[in-house]
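Chemist: My questions all concern the structure below.
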Number of protein chains: 2
Amino acid sequence: MTIRECADFLKSRDGFLILSHVRPDGDTLGSCAALSHALNRMGKTAWMYPNEEITETLLPFVKPYFAPDGFEAQTIISVDVASEQMLIGNSEWNVDLCIDHHPSNTHYASETCVIPERASCGEIILDVITELLEGPDYEEAQLLYIAVSTDTGCFCYSNTNSDTFRSAAKLLDAGAQLDSLNQLLFRKTSVARLRLEGMIYSAMTFHFDNRVSVAVVSREMLERAGATEDDCSDLANLAGRAKEAVVCITIREVGDHVSKLSLRSSSSVNVSDICAEFGGGGHAMAAGCTMKCDLEEAKSRILQAVEPKLP
Amino acid sequence: MTIRECADFLKSRDGFLILSHVRPDGDTLGSCAALSHALNRMGKTAWMYPNEEITETLLPFVKPYFAPDGFEAQTIISVDVASEQMLIGNSEWNVDLCIDHHPSNTHYASETCVIPERASCGEIILDVITELLEGPDYEEAQLLYIAVSTDTGCFCYSNTNSDTFRSAAKLLDAGAQLDSLNQLLFRKTSVARLRLEGMIYSAMTFHFDNRVSVAVVSREMLERAGATEDDCSDLANLAGRAKEAVVCITIREVGDHVSKLSLRSSSSVNVSDICAEFGGGGHAMAAGCTMKCDLEEAKSRILQAVEPKLP
């Protein structure tokens with residue numbers, strides 16, 4: 001479906017329930033809430049399925065759009081959800097329309113509007129709202145700024161493109177408060193997170209002429225920092241900052257003698273292959289696996305597996 | 001001067017020497033180099049005054065534009081330089097044209113093109129080049145992306161506005177390599193810097209119900225991390241990340257019993273007033289001072305001065 005067809009479909013229906021994805025991020029939540037608000041502006045009933053996995057930071061923005069108990073949907077829409085398994089609630093939904101930007105979208109819905117060139121789903125919702133209502137209002141601009149900025153790491157990740165910047169310009173012109181949102185989403189963090197980063201950077205090790213960086217995160221560190229799960233987002237970015245590292249490894253203690261590893265590669269090393277040796281997988285440049293051993297043992301095993309693959 | 005008048009002036013002259021500012025940043029350097037390249041494309045002679053204070057990261061991009069020994073200028077231009085005292089080389093230059101975005105520009109040049117609404121000087125140079133040559137080529141787009149992105153903290157600082165995003169879109173369309181430049185400028189850093197951040201975060205303290213954060217940076221820490229001055233940029237941002245802090249203090253040991261303090265405020269506390277008590281100054285929300293004492297003594301003195309000013 002094109003943006004125009006997608007807009008026509010939305011005009012022709014009512015009683016919307018909008019589904020985000022499991023382990024929700026700012027893109028799925030901001031996009032769902034903005035679409036819900038825009039449909040309300042058109043005089044339609046629209047609610048988000050209550051996604052209870054939401055972080056504390058995003059909750060106040062999105063909670064007002066959560067459907068009340070007993071809401072009976074006539075039209076089910078999913079936004080930023082690549083496959084049925086990723087749908088919030090259950091995977092048995094009969095989705096009428098899916099709006100998404102993942103190239104891997106499985107076309108599980110009756111109608112699908114996928115634009116894989118877009119860095120974030122928020123940019124597609126912006127185009128849909130522009131088609132429906134000539135442009136976003138302040139509330140929708142705020143929600144879509146959250147969507148676009150979080151999915152691009154505040155315009156720093158490699159998915160950012162010139163359309164992303166043009167969308168961001170439109171959102172600011174519509175009133176999105178860049179400074180307060182950036183402070184909240186990117187620039188400020190908890191004391192617990194700062195303490196945790198202090199421990200992680202201090203314990204970070206570098207191997208094979210700095211070509212491999214390793215960050216370890218133990219349960220004891222989390223406890224000592226007073227950190228909760230909300231303080232642990234994107235921890236894998238920390239080891240990833242090492243300039244000369246071609247493989248960046250983050251190992252987190254998730255239970256007694258259970259370590260979860262996340263590997264990133266910035267070059268020719270296929271970390272998916274390495275993780276497969278331990279029963280894990282992922283993509284060539286970002287993959288993971290779980291080992292039944294403590295942090296030190298996990299580190300030693302993974303370094304041994306990585307060394308022969310280095311260029 | 002308007003952009004058009006500025007372009008006409010450049011068309012009418014030749015033999016350009018382009019001046020950046022002391023303690024140069026990406027904006028002044030990228031803007032000067034891009035303007036130099038564009039003037040060359042027009043068949044004119046143009047060089048930058050060699051700014052030797054440049055960081056290692058930016059040197060390879062800018063060095064090719066440094067004037068050869070003995071170059072005799074006919075026209076002197078300054079870019080991103082707010083006052084004569086900030087001119088590289090000396091403050092006695094007879095500047096023919098100043099292109100700048102600082103609202104505080106002192107109009108020291110014969111002709112001045114100041115657009116204070118622009119977040120970076122790079123955006124103004126982009127408009128000038130668009131007027132002169134219909135748009136930047138690849139090389140100019142790269143240099144101007146460095147200018148715009150560094151002056152806005154990769155589009156995260158509060159100066160970022162919708163025109164900034166529109167300029168960035170044009171630069172990407174002209175070929176600027178967002179991913180490789182962002183990796184270099186924002187996402188990757190040295191092992192020494194990571195070690196240093198580990199020490200700084202670990203030693204960071206929080207006072208008065210977390211309303212004040214204090215980072216200390218000793219010479220011993222720098223030595224232990226193997227850090228050079230290149231690893232020390234924007235250290236004041238680290239204390240600034242503390243969410244609840246209304247005053248963020250960074251204290252750096254710069255000599256025997258000499259401490260340099262940098263204060264930032266995110267609210268109603270005027271840190272310029274506080275720094276004035278110790279012979280320093282600055283702006284209401286960002287100020288500094290120097291104390292003739294060691295780090296611990298400096299910390300104790302500044303906390304004592306800050307406490308009564310807290311809301």
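Every chain in the structure tokens takes a letter, A first, then B, and so on in the order presented; its residues are numbered from 1, and the ligands are numbered from 1 following the presented order.
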Counting only C-alpha atoms, which residues of chain B fall within 9 Å of chain A, and what is the closest atom pair for each with its distance in Å at one decimal, ordered by chain and rising number, as JSON lines?

Modeler:
```
{"residue": "B:Cys154", "atom": "CA", "partner": "A:Cys156", "partner_atom": "CA", "distance": 6.4}
{"residue": "B:Phe155", "atom": "CA", "partner": "A:Phe155", "partner_atom": "CA", "distance": 6.7}
{"residue": "B:Cys156", "atom": "CA", "partner": "A:Asn182", "partner_atom": "CA", "distance": 6.3}
{"residue": "B:Tyr157", "atom": "CA", "partner": "A:Asp179", "partner_atom": "CA", "distance": 6.9}
{"residue": "B:Ser158", "atom": "CA", "partner": "A:Asp179", "partner_atom": "CA", "distance": 4.8}
{"residue": "B:Asn159", "atom": "CA", "partner": "A:Asp179", "partner_atom": "CA", "distance": 8.2}
{"residue": "B:Thr160", "atom": "CA", "partner": "A:Leu178", "partner_atom": "CA", "distance": 7.7}
{"residue": "B:Asn161", "atom": "CA", "partner": "A:Leu172", "partner_atom": "CA", "distance": 7.0}
{"residue": "B:Ser162", "atom": "CA", "partner": "A:Ala169", "partner_atom": "CA", "distance": 4.1}
{"residue": "B:Asp163", "atom": "CA", "partner": "A:Ala169", "partner_atom": "CA", "distance": 6.9}
{"residue": "B:Thr164", "atom": "CA", "partner": "A:Ala169", "partner_atom": "CA", "distance": 7.9}
{"residue": "B:Phe165", "atom": "CA", "partner": "A:Phe165", "partner_atom": "CA", "distance": 5.0}
{"residue": "B:Arg166", "atom": "CA", "partner": "A:Arg166", "partner_atom": "CA", "distance": 5.8}
{"residue": "B:Ser167", "atom": "CA", "partner": "A:Phe165", "partner_atom": "CA", "distance": 8.6}
{"residue": "B:Ala168", "atom": "CA", "partner": "A:Phe165", "partner_atom": "CA", "distance": 6.6}
{"residue": "B:Ala169", "atom": "CA", "partner": "A:Ser162", "partner_atom": "CA", "distance": 4.1}
{"residue": "B:Lys170", "atom": "CA", "partner": "A:Ser162", "partner_atom": "CA", "distance": 7.1}
{"residue": "B:Leu171", "atom": "CA", "partner": "A:Ser162", "partner_atom": "CA", "distance": 8.2}
{"residue": "B:Leu172", "atom": "CA", "partner": "A:Ser162", "partner_atom": "CA", "distance": 5.7}
{"residue": "B:Asp173", "atom": "CA", "partner": "A:Ser162", "partner_atom": "CA", "distance": 6.5}
{"residue": "B:Leu178", "atom": "CA", "partner": "A:Ser158", "partner_atom": "CA", "distance": 6.9}
{"residue": "B:Asp179", "atom": "CA", "partner": "A:Ser158", "partner_atom": "CA", "distance": 4.8}
{"residue": "B:Ser180", "atom": "CA", "partner": "A:Ser158", "partner_atom": "CA", "distance": 8.4}
{"residue": "B:Asn182", "atom": "CA", "partner": "A:Cys156", "partner_atom": "CA", "distance": 6.3}
{"residue": "B:Gln183", "atom": "CA", "partner": "A:Cys156", "partner_atom": "CA", "distance": 8.4}
{"residue": "B:Leu184", "atom": "CA", "partner": "A:Lys243", "partner_atom": "CA", "distance": 8.3}
{"residue": "B:Phe186", "atom": "CA", "partner": "A:Cys156", "partner_atom": "CA", "distance": 7.9}
{"residue": "B:Arg187", "atom": "CA", "partner": "A:Arg241", "partner_atom": "CA", "distance": 5.8}
{"residue": "B:Lys188", "atom": "CA", "partner": "A:Arg241", "partner_atom": "CA", "distance": 4.4}
{"residue": "B:Thr189", "atom": "CA", "partner": "A:Lys243", "partner_atom": "CA", "distance": 4.9}
{"residue": "B:Ser190", "atom": "CA", "partner": "A:Lys243", "partner_atom": "CA", "distance": 5.4}
{"residue": "B:Val191", "atom": "CA", "partner": "A:Ala242", "partner_atom": "CA", "distance": 6.0}
{"residue": "B:Leu194", "atom": "CA", "partner": "A:Tyr201", "partner_atom": "CA", "distance": 6.1}
{"residue": "B:Arg195", "atom": "CA", "partner": "A:Ser202", "partner_atom": "CA", "distance": 6.1}
{"residue": "B:Leu196", "atom": "CA", "partner": "A:Ser202", "partner_atom": "CA", "distance": 8.3}
{"residue": "B:Glu197", "atom": "CA", "partner": "A:Tyr201", "partner_atom": "CA", "distance": 6.8}
{"residue": "B:Gly198", "atom": "CA", "partner": "A:Tyr201", "partner_atom": "CA", "distance": 4.4}
{"residue": "B:Met199", "atom": "CA", "partner": "A:Ser202", "partner_atom": "CA", "distance": 6.4}
{"residue": "B:Ile200", "atom": "CA", "partner": "A:Gly198", "partner_atom": "CA", "distance": 7.1}
{"residue": "B:Tyr201", "atom": "CA", "partner": "A:Gly198", "partner_atom": "CA", "distance": 4.4}
{"residue": "B:Ser202", "atom": "CA", "partner": "A:Gly198", "partner_atom": "CA", "distance": 4.4}
{"residue": "B:Ala203", "atom": "CA", "partner": "A:Gly198", "partner_atom": "CA", "distance": 8.0}
{"residue": "B:Met204", "atom": "CA", "partner": "A:Arg195", "partner_atom": "CA", "distance": 8.0}
{"residue": "B:Phe206", "atom": "CA", "partner": "A:Val191", "partner_atom": "CA", "distance": 8.1}
{"residue": "B:Asn210", "atom": "CA", "partner": "A:Val191", "partner_atom": "CA", "distance": 7.9}
{"residue": "B:Asn237", "atom": "CA", "partner": "A:Arg187", "partner_atom": "CA", "distance": 8.9}
{"residue": "B:Leu238", "atom": "CA", "partner": "A:Leu194", "partner_atom": "CA", "distance": 8.8}
{"residue": "B:Gly240", "atom": "CA", "partner": "A:Lys188", "partner_atom": "CA", "distance": 7.4}
{"residue": "B:Arg241", "atom": "CA", "partner": "A:Lys188", "partner_atom": "CA", "distance": 4.4}
{"residue": "B:Ala242", "atom": "CA", "partner": "A:Thr189", "partner_atom": "CA", "distance": 5.5}
{"residue": "B:Lys243", "atom": "CA", "partner": "A:Lys188", "partner_atom": "CA", "distance": 4.8}
{"residue": "B:Glu244", "atom": "CA", "partner": "A:Ser190", "partner_atom": "CA", "distance": 7.6}
```

Chemist: Go ahead and write the residues just picked, C-alpha atoms, as a short mmCIF file (atom, residue, chain, number, x, y, z; two decimals), in the first residue's frame.

Modeler:
```cif
data_model
loop_
_atom_site.label_atom_id
_atom_site.label_comp_id
_atom_site.auth_asym_id
_atom_site.auth_seq_id
_atom_site.Cartn_x
_atom_site.Cartn_y
_atom_site.Cartn_z
CA CYS B 154 25.20 15.67 16.48
CA PHE B 155 21.83 17.50 16.44
CA CYS B 156 21.33 16.94 20.18
CA TYR B 157 22.09 20.39 21.67
CA SER B 158 19.37 22.96 22.20
CA ASN B 159 20.64 25.21 19.35
CA THR B 160 19.46 22.62 16.78
CA ASN B 161 16.45 23.95 14.86
CA SER B 162 14.44 23.04 11.78
CA ASP B 163 16.83 24.96 9.48
CA THR B 164 19.70 22.90 10.90
CA PHE B 165 17.88 19.71 9.90
CA ARG B 166 17.12 21.10 6.43
CA SER B 167 20.80 22.01 5.97
CA ALA B 168 21.85 18.52 7.08
CA ALA B 169 19.44 16.98 4.55
CA LYS B 170 21.05 19.04 1.75
CA LEU B 171 24.54 17.98 2.85
CA LEU B 172 23.61 14.28 2.79
CA ASP B 173 21.99 14.72 -0.63
CA LEU B 178 27.02 10.57 7.77
CA ASP B 179 27.99 7.18 9.14
CA SER B 180 31.76 7.38 8.77
CA ASN B 182 29.58 10.25 13.00
CA GLN B 183 31.72 7.24 13.94
CA LEU B 184 34.80 9.44 13.86
CA PHE B 186 30.84 11.09 18.06
CA ARG B 187 30.54 7.33 18.34
CA LYS B 188 34.13 6.11 18.65
CA THR B 189 36.81 7.19 21.08
CA SER B 190 40.23 6.16 22.33
CA VAL B 191 40.93 3.47 24.91
CA LEU B 194 37.25 5.20 27.99
CA ARG B 195 39.65 4.50 30.88
CA LEU B 196 39.49 8.15 31.89
CA GLU B 197 35.68 8.17 31.83
CA GLY B 198 35.71 5.05 34.01
CA MET B 199 37.75 6.93 36.61
CA ILE B 200 35.69 10.11 36.37
CA TYR B 201 32.31 8.39 36.67
CA SER B 202 33.59 6.20 39.49
CA ALA B 203 34.80 9.24 41.44
CA MET B 204 31.77 11.41 40.62
CA PHE B 206 26.39 13.87 44.22
CA ASN B 210 21.61 14.84 43.96
CA ASN B 237 29.48 17.01 29.70
CA LEU B 238 29.99 14.01 32.01
CA GLY B 240 26.14 17.32 33.13
CA ARG B 241 24.46 13.98 32.46
CA ALA B 242 23.15 13.66 36.02
CA LYS B 243 19.36 13.86 35.72
CA GLU B 244 18.43 15.59 38.99
#
```

Chemist: Region 72-206 of chain A: which residues are alpha helix (DSSP H) by DSSP, as an MDAnalysis selection string?

Modeler: chainID A and resid 121:133 138:151 162:173 178:182 191:203

Chemist: Keeping only C-alpha atoms, write those residues as an mmCIF file, in the first residue's frame.

Modeler:
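Printed below is selection-v6.cif as written:
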```
data_model
loop_
_atom_site.group_PDB
_atom_site.id
_atom_site.type_symbol
_atom_site.label_atom_id
_atom_site.label_comp_id
_atom_site.auth_asym_id
_atom_site.auth_seq_id
_atom_site.Cartn_x
_atom_site.Cartn_y
_atom_site.Cartn_z
ATOM 1 C CA CYS A 121 8.300 4.135 11.463
ATOM 2 C CA GLY A 122 7.584 7.599 12.876
ATOM 3 C CA GLU A 123 8.531 9.134 9.509
ATOM 4 C CA ILE A 124 5.908 6.986 7.737
ATOM 5 C CA ILE A 125 3.237 7.941 10.296
ATOM 6 C CA LEU A 126 4.202 11.595 9.739
ATOM 7 C CA ASP A 127 3.502 11.157 6.013
ATOM 8 C CA VAL A 128 0.204 9.378 6.742
ATOM 9 C CA ILE A 129 -0.900 12.154 9.125
ATOM 10 C CA THR A 130 0.148 14.773 6.565
ATOM 11 C CA GLU A 131 -2.056 12.999 3.998
ATOM 12 C CA LEU A 132 -4.986 12.752 6.436
ATOM 13 C CA LEU A 133 -4.830 16.122 8.235
ATOM 14 C CA TYR A 138 1.778 19.736 18.638
ATOM 15 C CA GLU A 139 0.971 16.501 20.490
ATOM 16 C CA GLU A 140 1.582 14.338 17.424
ATOM 17 C CA ALA A 141 4.804 16.234 16.639
ATOM 18 C CA GLN A 142 6.090 15.501 20.158
ATOM 19 C CA LEU A 143 5.234 11.794 19.882
ATOM 20 C CA LEU A 144 6.719 11.472 16.395
ATOM 21 C CA TYR A 145 9.892 13.307 17.455
ATOM 22 C CA ILE A 146 10.276 10.648 20.170
ATOM 23 C CA ALA A 147 9.797 7.961 17.504
ATOM 24 C CA VAL A 148 12.255 9.379 14.961
ATOM 25 C CA SER A 149 14.965 10.493 17.399
ATOM 26 C CA THR A 150 15.073 7.267 19.436
ATOM 27 C CA ASP A 151 15.236 4.991 16.391
ATOM 28 C CA SER A 162 18.239 13.020 4.338
ATOM 29 C CA ASP A 163 14.527 12.111 4.577
ATOM 30 C CA THR A 164 14.993 11.609 8.324
ATOM 31 C CA PHE A 165 16.349 15.159 8.625
ATOM 32 C CA ARG A 166 13.503 16.545 6.506
ATOM 33 C CA SER A 167 10.957 14.765 8.723
ATOM 34 C CA ALA A 168 12.652 16.134 11.843
ATOM 35 C CA ALA A 169 12.477 19.672 10.377
ATOM 36 C CA LYS A 170 8.714 19.269 9.839
ATOM 37 C CA LEU A 171 8.239 18.011 13.406
ATOM 38 C CA LEU A 172 10.091 21.011 14.887
ATOM 39 C CA ASP A 173 8.061 23.353 12.677
ATOM 40 C CA LEU A 178 13.687 19.325 20.758
ATOM 41 C CA ASP A 179 15.579 20.513 23.823
ATOM 42 C CA SER A 180 13.353 19.112 26.559
ATOM 43 C CA LEU A 181 12.869 15.815 24.691
ATOM 44 C CA ASN A 182 16.599 15.416 23.976
ATOM 45 C CA VAL A 191 22.841 8.629 39.199
ATOM 46 C CA ALA A 192 22.602 4.822 39.255
ATOM 47 C CA ARG A 193 23.379 4.661 35.529
ATOM 48 C CA LEU A 194 26.379 6.989 35.925
ATOM 49 C CA ARG A 195 27.709 4.831 38.773
ATOM 50 C CA LEU A 196 27.155 1.715 36.674
ATOM 51 C CA GLU A 197 28.990 3.226 33.694
ATOM 52 C CA GLY A 198 31.878 4.095 36.010
ATOM 53 C CA MET A 199 32.160 0.439 37.004
ATOM 54 C CA ILE A 200 31.750 -0.854 33.437
ATOM 55 C CA TYR A 201 34.344 1.491 31.896
ATOM 56 C CA SER A 202 36.757 0.847 34.777
ATOM 57 C CA ALA A 203 36.491 -2.919 34.276
#
```

Chemist: Set the distance at 12 Å and use only C-alpha atoms: which residues neighbour region 44-55 of chain A once local chain neighbours fewer than 6 positions away are removed? I'd like the list as a ChimeraX atom specification.

Modeler: /A:10-38,61-79,87-90,93,185,228-233

Chemist: Per DSSP on the backbone, filter region 193-272 of chain B down to the residues in strand (DSSP E or B) and report them as a PyMOL selection string.

Modeler: chain B and resi 205-207+212-217+242+247-255+258-265

Chemist: I'd like the neighbourhood of region 258-273 of chain B as a PyMOL selection string, where a residue qualifies if any of its atoms comes within 10 Å (using only C-alpha atoms), though same-chain residues fewer than 5 positions away should be ignored.

Modeler: chain B and resi 212-218+235-237+239-240+244-253+278-299+302+306+309-311
